[in-house]
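*Asks:* data-v3.cif is the file, holding mmCIF, C-alpha atoms and all ligand atoms:
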```cif
data_input
loop_
_atom_site.label_atom_id
_atom_site.label_comp_id
_atom_site.auth_asym_id
_atom_site.auth_seq_id
_atom_site.Cartn_x
_atom_site.Cartn_y
_atom_site.Cartn_z
CA MET A 1 20.90 89.53 17.84
CA LYS A 2 22.81 91.65 20.33
CA GLU A 3 23.15 95.33 19.61
CA ALA A 4 26.80 96.31 19.90
CA LEU A 5 28.38 98.76 22.30
CA TRP A 6 31.09 101.21 21.18
CA TRP A 7 29.89 102.77 17.93
CA LYS A 8 28.46 106.00 16.55
CA THR A 9 26.84 107.16 13.35
CA GLU A 10 28.92 109.29 10.99
CA GLU A 11 27.58 112.25 9.02
CA ASP A 12 27.48 110.15 5.85
CA GLY A 13 25.27 107.56 7.56
CA ARG A 14 27.97 104.95 7.99
CA ILE A 15 28.75 103.52 11.41
CA LEU A 16 32.12 104.12 13.08
CA CYS A 17 33.07 101.16 15.26
CA THR A 18 35.16 102.39 18.20
CA LEU A 19 35.97 99.01 19.76
CA CYS A 20 39.41 98.49 18.25
CA PRO A 21 42.01 100.85 16.77
CA ARG A 22 41.02 99.79 13.28
CA TYR A 23 38.02 102.16 13.61
CA CYS A 24 36.09 100.55 10.74
CA ARG A 25 33.56 102.70 8.91
CA ILE A 26 30.74 100.33 8.08
CA GLY A 27 27.97 100.89 5.56
CA ASP A 28 24.48 99.44 5.88
CA GLY A 29 24.52 95.68 5.32
CA GLN A 30 28.29 95.48 5.70
CA ALA A 31 30.49 93.97 8.40
CA GLY A 32 33.76 95.33 9.77
CA PHE A 33 37.20 93.86 9.17
CA CYS A 34 36.59 91.27 11.91
CA TYR A 35 33.49 89.88 10.09
CA ILE A 36 31.37 89.71 13.25
CA ARG A 37 30.27 93.32 13.79
CA LYS A 38 27.67 94.30 11.25
CA ASN A 39 25.66 97.39 10.35
CA ILE A 40 22.05 96.30 9.96
CA GLY A 41 19.60 99.08 9.24
CA GLY A 42 21.80 101.77 10.82
CA LYS A 43 22.62 99.91 14.03
CA LEU A 44 25.76 97.92 14.80
CA TYR A 45 25.23 94.35 15.96
CA SER A 46 27.64 91.95 17.64
CA LEU A 47 27.09 88.78 15.61
CA GLY A 48 29.48 86.71 17.74
CA TYR A 49 27.36 87.17 20.86
CA GLY A 50 26.11 83.74 21.99
CA LYS A 51 27.97 81.98 19.15
CA PRO A 52 30.97 80.27 20.79
CA ALA A 53 33.16 77.72 19.01
CA GLY A 54 35.87 75.19 19.87
CA PHE A 55 35.10 74.35 23.50
CA ALA A 56 37.86 72.53 25.42
CA ILE A 57 39.23 72.20 28.91
CA ASP A 58 42.86 73.19 28.47
CA PRO A 59 45.67 73.22 30.99
CA VAL A 60 45.97 76.88 32.00
CA GLU A 61 49.67 76.58 31.09
CA LYS A 62 48.57 76.32 27.45
CA LYS A 63 47.22 79.90 27.36
CA PRO A 64 50.13 80.36 28.35
CA LEU A 65 49.76 81.46 31.98
CA ASN A 66 52.38 80.12 34.38
CA HIS A 67 51.56 82.28 37.41
CA PHE A 68 47.78 81.97 37.41
CA LEU A 69 46.12 78.96 39.05
CA PRO A 70 48.93 76.61 37.87
CA GLY A 71 47.98 73.00 37.42
CA THR A 72 44.28 73.71 36.84
CA GLY A 73 42.06 73.27 33.79
CA ILE A 74 40.43 76.25 32.08
CA LEU A 75 37.29 76.18 29.95
CA SER A 76 38.41 77.66 26.63
CA PHE A 77 36.56 78.82 23.55
CA GLY A 78 36.51 81.48 20.85
CA THR A 79 34.16 82.69 18.13
CA ALA A 80 34.58 83.26 14.41
CA GLY A 81 36.50 86.28 13.08
CA CYS A 82 39.41 88.44 14.22
CA ASN A 83 40.41 92.10 14.19
CA LEU A 84 44.01 91.38 13.20
CA GLY A 85 45.19 89.91 9.92
CA CYS A 86 48.22 87.90 11.03
CA ARG A 87 49.75 86.09 8.08
CA PHE A 88 51.20 83.55 10.52
CA CYS A 89 47.95 82.95 12.45
CA GLN A 90 48.22 79.67 14.37
CA ASN A 91 44.42 79.49 14.86
CA TRP A 92 43.29 80.55 11.41
CA SER A 93 40.54 77.92 11.06
CA ILE A 94 38.64 79.87 13.75
CA SER A 95 39.89 83.41 13.25
CA LYS A 96 39.27 83.40 9.50
CA ALA A 97 35.96 81.57 9.72
CA GLN A 98 32.61 83.20 9.04
CA LEU A 99 29.84 82.56 11.56
CA ASP A 100 27.95 80.39 9.11
CA ASP A 101 30.96 78.12 8.46
CA GLY A 102 29.39 75.65 10.85
CA GLY A 103 31.79 75.61 13.79
CA SER A 104 29.68 77.76 16.09
CA LEU A 105 26.89 76.74 18.41
CA SER A 106 24.36 78.74 20.37
CA ALA A 107 25.13 79.20 24.07
CA GLY A 108 24.43 82.12 26.36
CA PRO A 109 26.59 83.42 29.21
CA GLU A 110 24.80 81.40 31.91
CA GLU A 111 25.20 78.19 29.94
CA ILE A 112 28.92 78.73 29.50
CA VAL A 113 29.43 79.41 33.21
CA ARG A 114 27.43 76.28 34.00
CA MET A 115 29.67 74.31 31.65
CA ALA A 116 32.80 75.49 33.50
CA LEU A 117 31.26 74.60 36.86
CA ALA A 118 30.17 71.17 35.60
CA HIS A 119 33.76 70.40 34.56
CA ASN A 120 35.27 71.76 37.78
CA ALA A 121 37.22 74.36 35.85
CA PRO A 122 37.99 77.31 38.15
CA SER A 123 38.35 79.70 35.23
CA ILE A 124 37.16 80.50 31.72
CA ALA A 125 39.40 81.64 28.85
CA PHE A 126 38.24 83.83 25.99
CA THR A 127 40.73 82.68 23.40
CA TYR A 128 41.54 81.19 19.94
CA ASN A 129 40.44 84.35 18.12
CA ASP A 130 40.74 87.78 19.74
CA PRO A 131 37.96 88.20 22.32
CA VAL A 132 38.09 91.97 21.93
CA ILE A 133 35.75 91.68 18.93
CA TRP A 134 33.08 89.96 21.03
CA GLY A 135 33.53 92.27 23.99
CA GLU A 136 29.81 92.39 24.84
CA PHE A 137 29.77 88.60 25.27
CA VAL A 138 32.98 88.73 27.33
CA ILE A 139 31.45 91.25 29.71
CA ASP A 140 28.30 89.23 30.33
CA ILE A 141 30.11 85.91 30.79
CA SER A 142 32.83 87.31 33.04
CA ARG A 143 30.26 89.12 35.21
CA ILE A 144 28.28 85.93 35.81
CA ALA A 145 31.50 83.92 36.22
CA ARG A 146 32.63 86.26 38.99
CA GLN A 147 29.26 85.96 40.72
CA SER A 148 29.73 82.17 40.55
CA GLY A 149 33.24 82.23 42.01
CA LEU A 150 35.04 81.61 38.70
CA LYS A 151 37.90 83.63 37.19
CA SER A 152 37.96 84.98 33.64
CA VAL A 153 40.94 85.22 31.31
CA MET A 154 41.53 87.17 28.08
CA VAL A 155 44.01 85.72 25.58
CA THR A 156 44.45 88.70 23.35
CA ALA A 157 46.60 90.79 21.06
CA GLY A 158 45.71 93.82 23.17
CA TYR A 159 44.38 95.67 20.12
CA ILE A 160 41.55 97.60 21.75
CA THR A 161 40.70 101.28 22.12
CA PRO A 162 41.06 103.23 25.37
CA GLU A 163 37.29 103.91 25.33
CA ALA A 164 36.36 100.19 25.27
CA ARG A 165 39.06 98.79 27.58
CA PRO A 166 37.55 99.60 30.99
CA GLU A 167 34.25 97.90 30.16
CA VAL A 168 35.68 94.83 28.43
CA TYR A 169 38.14 94.23 31.31
CA ARG A 170 35.76 95.11 34.10
CA TYR A 171 35.36 91.52 35.38
CA ILE A 172 38.57 90.07 33.93
CA ASP A 173 41.04 88.51 36.35
CA ALA A 174 43.96 87.64 34.09
CA ALA A 175 45.23 88.06 30.56
CA ASN A 176 47.89 86.80 28.28
CA VAL A 177 48.79 89.55 25.84
CA ASP A 178 50.63 88.79 22.61
CA LEU A 179 53.45 91.20 22.00
CA LYS A 180 53.95 89.89 18.50
CA GLY A 181 57.11 91.77 17.71
CA PHE A 182 58.78 95.01 18.67
CA THR A 183 58.86 96.90 15.39
CA GLU A 184 56.12 98.79 13.62
CA ARG A 185 57.35 97.14 10.41
CA PHE A 186 56.45 93.70 11.77
CA TYR A 187 53.01 94.77 13.00
CA HIS A 188 52.16 96.63 9.83
CA LYS A 189 53.47 94.07 7.33
CA LEU A 190 52.52 90.80 9.02
CA THR A 191 49.50 91.58 11.24
CA PHE A 192 47.84 94.54 9.45
CA SER A 193 47.80 96.41 12.74
CA HIS A 194 50.08 98.72 14.71
CA LEU A 195 52.46 98.31 17.64
CA GLU A 196 51.73 101.43 19.68
CA PRO A 197 48.10 100.59 20.68
CA VAL A 198 49.33 97.23 22.02
CA LEU A 199 52.01 98.93 24.13
CA ASP A 200 49.36 101.36 25.34
CA THR A 201 47.13 98.46 26.47
CA LEU A 202 50.04 96.86 28.34
CA ARG A 203 50.81 100.13 30.14
CA TRP A 204 47.10 100.52 30.96
CA LEU A 205 46.85 96.99 32.37
CA LYS A 206 49.86 97.66 34.58
CA ASN A 207 48.95 101.15 35.75
CA GLU A 208 45.15 101.21 35.79
CA THR A 209 43.97 97.68 36.63
CA ASP A 210 44.49 94.73 38.99
CA VAL A 211 44.40 92.26 36.09
CA TRP A 212 47.21 89.70 36.35
CA PHE A 213 48.91 89.51 32.97
CA GLU A 214 51.71 87.70 31.20
CA ILE A 215 53.21 88.41 27.79
CA THR A 216 53.81 86.07 24.86
CA ASN A 217 56.21 86.71 22.00
CA LEU A 218 55.84 84.17 19.16
CA MET A 219 59.26 84.13 17.51
CA ILE A 220 59.28 83.77 13.72
CA PRO A 221 62.64 83.06 12.08
CA GLY A 222 63.92 86.08 10.20
CA GLU A 223 60.97 88.29 11.14
CA ASN A 224 61.13 89.15 14.85
CA ASP A 225 63.94 87.03 16.29
CA ASP A 226 66.80 89.53 16.00
CA PRO A 227 68.55 89.61 19.41
CA GLU A 228 68.70 93.42 19.23
CA GLU A 229 64.90 93.54 18.87
CA THR A 230 64.53 91.19 21.83
CA LYS A 231 66.84 93.42 23.90
CA ARG A 232 64.78 96.50 23.05
CA MET A 233 61.55 94.71 23.88
CA CYS A 234 62.88 93.55 27.25
CA ALA A 235 64.15 97.05 28.04
CA TRP A 236 60.70 98.46 27.28
CA ILE A 237 58.99 95.84 29.44
CA LEU A 238 61.32 96.50 32.37
CA GLU A 239 60.95 100.27 32.12
CA ASN A 240 57.17 100.32 31.63
CA LEU A 241 55.85 97.17 33.32
CA GLY A 242 58.57 96.15 35.78
CA ASP A 243 60.46 92.90 36.29
CA ASN A 244 57.58 90.77 37.64
CA VAL A 245 55.59 90.32 34.43
CA PRO A 246 56.23 86.78 33.12
CA LEU A 247 57.47 86.71 29.54
CA HIS A 248 56.97 83.68 27.25
CA PHE A 249 58.97 83.12 24.07
CA THR A 250 57.10 80.54 22.00
CA ALA A 251 57.89 78.60 18.85
CA PHE A 252 56.19 79.31 15.53
CA HIS A 253 55.17 76.53 13.17
CA PRO A 254 54.45 77.17 9.46
CA ASP A 255 50.76 77.97 9.08
CA PHE A 256 48.15 79.94 7.13
CA LYS A 257 49.92 82.37 4.76
CA MET A 258 53.36 81.82 6.18
CA MET A 259 54.26 78.34 5.04
CA ASP A 260 57.65 79.43 3.73
CA LYS A 261 59.27 79.88 7.14
CA PRO A 262 60.80 77.03 9.15
CA ARG A 263 59.78 76.18 12.70
CA THR A 264 61.54 78.27 15.31
CA PRO A 265 64.71 76.48 16.46
CA ALA A 266 64.79 75.74 20.19
CA ALA A 267 68.15 77.54 20.36
CA THR A 268 66.47 80.80 19.25
CA LEU A 269 64.02 80.64 22.15
CA ARG A 270 66.74 79.76 24.64
CA ARG A 271 68.85 82.66 23.42
CA ALA A 272 65.91 85.05 23.79
CA ARG A 273 65.27 83.75 27.31
CA GLN A 274 68.89 84.36 28.29
CA ILE A 275 68.67 87.90 26.89
CA ALA A 276 65.55 88.56 28.99
CA LEU A 277 67.00 87.06 32.17
CA SER A 278 70.27 88.97 31.72
CA ALA A 279 68.30 92.19 31.22
CA GLY A 280 66.50 91.65 34.55
CA VAL A 281 63.18 89.97 33.65
CA LYS A 282 62.61 87.66 36.64
CA TYR A 283 60.25 85.11 35.11
CA CYS A 284 60.91 84.09 31.54
CA TYR A 285 59.74 80.91 29.84
CA VAL A 286 59.93 79.14 26.51
CA GLY A 287 56.94 77.41 24.93
CA ASN A 288 55.92 74.98 22.18
CA ILE A 289 59.18 73.07 22.69
CA PHE A 290 60.35 70.61 25.32
CA ASP A 291 62.71 72.47 27.63
CA ASP A 292 62.31 71.68 31.33
CA GLU A 293 64.72 74.41 32.43
CA GLY A 294 63.02 77.02 30.27
CA GLN A 295 59.62 76.10 31.70
CA THR A 296 60.65 76.07 35.36
CA THR A 297 59.79 78.78 37.88
CA THR A 298 62.63 79.45 40.28
CA CYS A 299 62.79 81.73 43.29
CA PRO A 300 64.58 84.96 42.39
CA ALA A 301 65.83 85.26 45.99
CA CYS A 302 67.26 81.80 46.78
CA GLY A 303 67.26 80.07 43.39
CA ARG A 304 65.13 77.14 44.54
CA VAL A 305 62.97 75.34 41.95
CA LEU A 306 59.35 76.23 42.80
CA ILE A 307 57.33 74.84 39.86
CA ARG A 308 58.86 72.40 37.43
CA ARG A 309 56.98 71.84 34.20
CA SER A 310 57.40 69.83 31.05
CA TRP A 311 55.36 71.21 28.15
CA HIS A 312 51.98 71.69 29.92
CA ASP A 313 52.61 69.09 32.63
CA LEU A 314 53.29 70.08 36.23
CA LEU A 315 56.08 67.87 37.58
CA GLU A 316 56.91 69.55 40.90
CA TYR A 317 55.19 72.20 42.99
CA HIS A 318 56.87 73.70 46.05
CA LEU A 319 55.10 77.01 46.58
CA VAL A 320 53.45 77.56 49.95
CA GLY A 321 50.56 79.85 49.12
CA ASP A 322 52.25 82.49 46.99
CA ARG A 323 55.65 82.14 48.64
CA CYS A 324 58.86 80.23 48.25
CA PRO A 325 59.71 78.25 51.41
CA CYS A 326 62.45 80.91 51.94
CA GLY A 327 59.69 83.51 52.33
CA GLN A 328 60.04 85.28 48.98
CA GLN A 329 56.67 86.24 47.51
CA ILE A 330 56.10 85.13 43.92
CA PRO A 331 53.79 87.35 41.87
CA GLY A 332 50.59 85.85 40.45
CA TYR A 333 47.48 83.96 41.62
CA PHE A 334 48.30 80.63 43.19
CA PRO A 335 45.72 78.09 44.30
CA PRO A 336 45.71 76.31 47.66
CA ARG A 337 48.49 73.75 47.62
CA GLU A 338 46.21 70.70 47.44
CA ARG A 339 44.74 71.93 44.13
CA ALA A 340 48.12 72.34 42.50
CA GLN A 341 49.55 68.87 42.92
CA PRO A 342 51.85 67.78 40.10
CA ARG A 343 49.76 66.30 37.32
CA ALA A 344 49.83 65.78 33.62
CA GLY A 345 48.33 68.52 31.48
CA ARG A 346 45.40 67.40 29.41
CA ARG A 347 43.10 68.77 26.75
CA LEU A 348 39.51 67.68 26.85
CA VAL A 349 37.61 68.66 23.72
CA LEU A 350 33.94 69.21 24.47
CA GLN A 351 31.15 68.44 22.04
CA THR A 352 29.89 71.59 20.38
CA GLN A 353 27.58 70.27 17.70
S1 LIG A 401 36.15 95.55 16.28
FE1 LIG A 401 35.85 94.80 14.17
S2 LIG A 401 34.40 96.24 13.24
FE2 LIG A 401 35.18 97.20 15.11
S3 LIG A 401 36.92 98.48 14.42
FE3 LIG A 401 37.77 96.50 15.05
S4 LIG A 401 37.83 95.23 13.19
FE4 LIG A 401 36.49 96.97 12.77
#
```
Please go through the file and, once you have read it, give me the structure as structure tokens.
Ligand code: SF4
*Replies:*
Amino acid sequence: MKEALWWKTEEDGRILCTLCPRYCRIGDGQAGFCYIRKNIGGKLYSLGYGKPAGFAIDPVEKKPLNHFLPGTGILSFGTAGCNLGCRFCQNWSISKAQLDDGGSLSAGPEEIVRMALAHNAPSIAFTYNDPVIWGEFVIDISRIARQSGLKSVMVTAGYITPEARPEVYRYIDAANVDLKGFTERFYHKLTFSHLEPVLDTLRWLKNETDVWFEITNLMIPGENDDPEETKRMCAWILENLGDNVPLHFTAFHPDFKMMDKPRTPAATLRRARQIALSAGVKYCYVGNIFDDEGQTTTCPACGRVLIRRSWHDLLEYHLVGDRCPCGQQIPGYFPPRERAQPRAGRRLVLQTQ
């Protein structure tokens, strides 16, 4: 078992976990809200360390990341547990699982990096549940990945404390951060967390790190799809993060404890995209629907189509390095041209048992 980082002992003998803003106080023999950080005999242990689940090679566009190594596969996995309690969780079979539910296997950091290399994946994604709660594992894998020439990606809700952020992100190259809504009501009622720490993480990523990041907003009918909320969110992004951060509006499907809501209509996502583009966001995409226009990257200077996608497929690729043929630089990490030829996205599920 791996002893955890980021905790201290309280006067009453309980442990205070300082990894995420939930700040769980954990008695001996108990686990925190996320299930996978446990007080055993007065020490906090990270039970998810070395217990990955759900290995697959995904198209990187599925994370979603549209400006990071487009057209490449990414080794993806999660662990059990989560530090948020989203009623609409789209990955609940993993995030609500306990470690002994049977989906996990034993694999150390070196083994996972070897797996990525063996499948010619240039990057590794910590995803499906929130990797914040297995931060110790993230650090060790991403350090070895960097030494091996691979990139590391966090797919996260950004719910992490300022004291833990620098260490967890030390070897991270890119992130997709869920901005799940833009009201405290939404965060409190539907995720059992708070909005402000997420905004703080986004500002920190922009101002204090070189991590490439994109933002995803999963739109749920009647909960966070009010155009006025979208306008306020875009205004905040532009003021605090600038106009180069790609923004993805993605479709919800009924899941977990939110089976009473319909799927997000495509028109809702298209409307949100138009709001963002009109506000000045340069790169805005829609996801989980078929919409070639809403998944295309165009040059903000000359309007030329640079990357045309359909769902996770790459149909056209016209970038030269990180530039449009007109010379305009496009923000992100772009592979050499020969590695980003148009190709169909694929998902290769790897054996984990
Ligand atoms: S990481 Fe887990 S144990 Fe720690 S504060 Fe967050 S939910 Fe609680």
*Asks:* Is it possible to get the residues within 10 Å of (60.2, 80.3, 37.9) (coordinates as in the file, counting only C-alpha atoms) written as a CSV table (one decimal) with C-alpha atoms, keeping the file's coordinate frame?
*Replies:*
```
chain,number,residue,atom,x,y,z
A,66,ASN,CA,52.4,80.1,34.4
A,67,HIS,CA,51.6,82.3,37.4
A,246,PRO,CA,56.2,86.8,33.1
A,282,LYS,CA,62.6,87.7,36.6
A,283,TYR,CA,60.2,85.1,35.1
A,284,CYS,CA,60.9,84.1,31.5
A,285,TYR,CA,59.7,80.9,29.8
A,293,GLU,CA,64.7,74.4,32.4
A,294,GLY,CA,63.0,77.0,30.3
A,295,GLN,CA,59.6,76.1,31.7
A,296,THR,CA,60.6,76.1,35.4
A,297,THR,CA,59.8,78.8,37.9
A,298,THR,CA,62.6,79.4,40.3
A,299,CYS,CA,62.8,81.7,43.3
A,300,PRO,CA,64.6,85.0,42.4
A,303,GLY,CA,67.3,80.1,43.4
A,304,ARG,CA,65.1,77.1,44.5
A,305,VAL,CA,63.0,75.3,42.0
A,306,LEU,CA,59.4,76.2,42.8
A,307,ILE,CA,57.3,74.8,39.9
A,308,ARG,CA,58.9,72.4,37.4
A,309,ARG,CA,57.0,71.8,34.2
A,330,ILE,CA,56.1,85.1,43.9
```
*Asks:* Taking into account all atoms listed in the file, which residue in the set A:Met1, A:Val211, A:Leu16, A:Cys24 is nearest to ligand LIG 401 (chain A)?
*Replies:*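 Using all atoms listed in the file, ligand LIG 401 (chain A) sits closest to A:Cys24.
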*Asks:* Between A:Leu247, A:Ala125, A:Leu117, A:Ala4, which has the minimum distance to ligand LIG 401 (chain A) (counting only C-alpha atoms and all ligand atoms)?
*Replies:* A:Ala4
*Asks:* Counting all atoms listed in the file, name the residues that have an atom within 7 Å of an atom of ligand LIG 401 (chain A); the answer should be given as a PyMOL selection string.
*Replies:* chain A and resi 17-24+31-37+83+132-133
*Asks:* Find the distance between atom CA of A:His253 and atom CA of A:Ala121 and write it in Å to one decimal.
*Replies:*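 Separating atom CA of A:His253 from atom CA of A:Ala121 is a distance of 29.0 Å.
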*Asks:* Where does stretch 248-311 of chain A meet stretch 169-183 of chain A within 12 Å, residue by residue, with the nearest atom pair and distance in Å to one decimal for each, counting all atoms listed in the file, listed by chain and rising number, as a tab-separated table?
*Replies:*
```
residue	atom	partner	partner_atom	distance
A:His248	CA	A:Asp178	CA	9.4
A:Phe249	CA	A:Leu179	CA	10.0
A:Thr250	CA	A:Lys180	CA	10.5
A:Ala251	CA	A:Lys180	CA	12.0
A:Phe252	CA	A:Lys180	CA	11.2
```
*Asks:* Need to verify the contact set: A:Arg232, 12 Å, all atoms listed in the file, exclusion of same-chain residues closer than 3 positions in sequence. Can you return it as a count of residues only?
*Replies:* 18
*Asks:* Could you give me, as CSV, every stretch 22-129 of chain A residue with an atom at most 7 Å from stretch 137-149 of chain A, plus its closest atom pair and distance in Å to one decimal, counting all atoms listed in the file, rows ordered by chain then number?
*Replies:*
```
residue,atom,partner,partner_atom,distance
A:Tyr49,CA,A:Phe137,CA,5.2
A:Gly50,CA,A:Phe137,CA,6.9
A:Pro109,CA,A:Ile141,CA,4.6
A:Glu110,CA,A:Ile144,CA,6.9
A:Val113,CA,A:Ala145,CA,5.8
```
*Asks:* For the residues selected in the previous step, produce a file with C-alpha atoms as a compact mmCIF listing (two decimals), in the coordinates of the input.
*Replies:*
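part.txt written:
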```txt
# COMPACT_ATOMS: atom_id res chain seq x y z
CA TYR A 49 27.36 87.17 20.86
CA GLY A 50 26.11 83.74 21.99
CA PRO A 109 26.59 83.42 29.21
CA GLU A 110 24.80 81.40 31.91
CA VAL A 113 29.43 79.41 33.21
```
*Asks:* Please measure the separation of atom CA of A:Lys8 and atom CA of A:Leu84, giving the value in Å to one decimal.
*Replies:*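 Atom CA of A:Leu84 lies 21.6 Å from atom CA of A:Lys8.
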*Asks:* Counting all atoms listed in the file, which residue out of A:Phe186, A:Tyr159, A:Phe88, A:Phe55 sits closest to A:Thr127?
*Replies:*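 Nearest to A:Thr127: A:Phe55.
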*Asks:* What is the distance, in Å and to one decimal place, between atom CA of A:Leu202 and atom CA of A:Glu136?
*Replies:*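 Straight-line distance from atom CA of A:Leu202 to atom CA of A:Glu136 works out to 21.0 Å.
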*Asks:* Build an axis-aligned box that encloses every atom of stretch 321-331 of chain A listed in the file, pad it by 4 Å on each side, and report its centre and edge lengths in Å to one decimal, as JSON.
*Replies:*
```
{"center_x": 56.5, "center_y": 82.8, "center_z": 47.1, "size_x": 19.9, "size_y": 17.1, "size_z": 18.5}
```
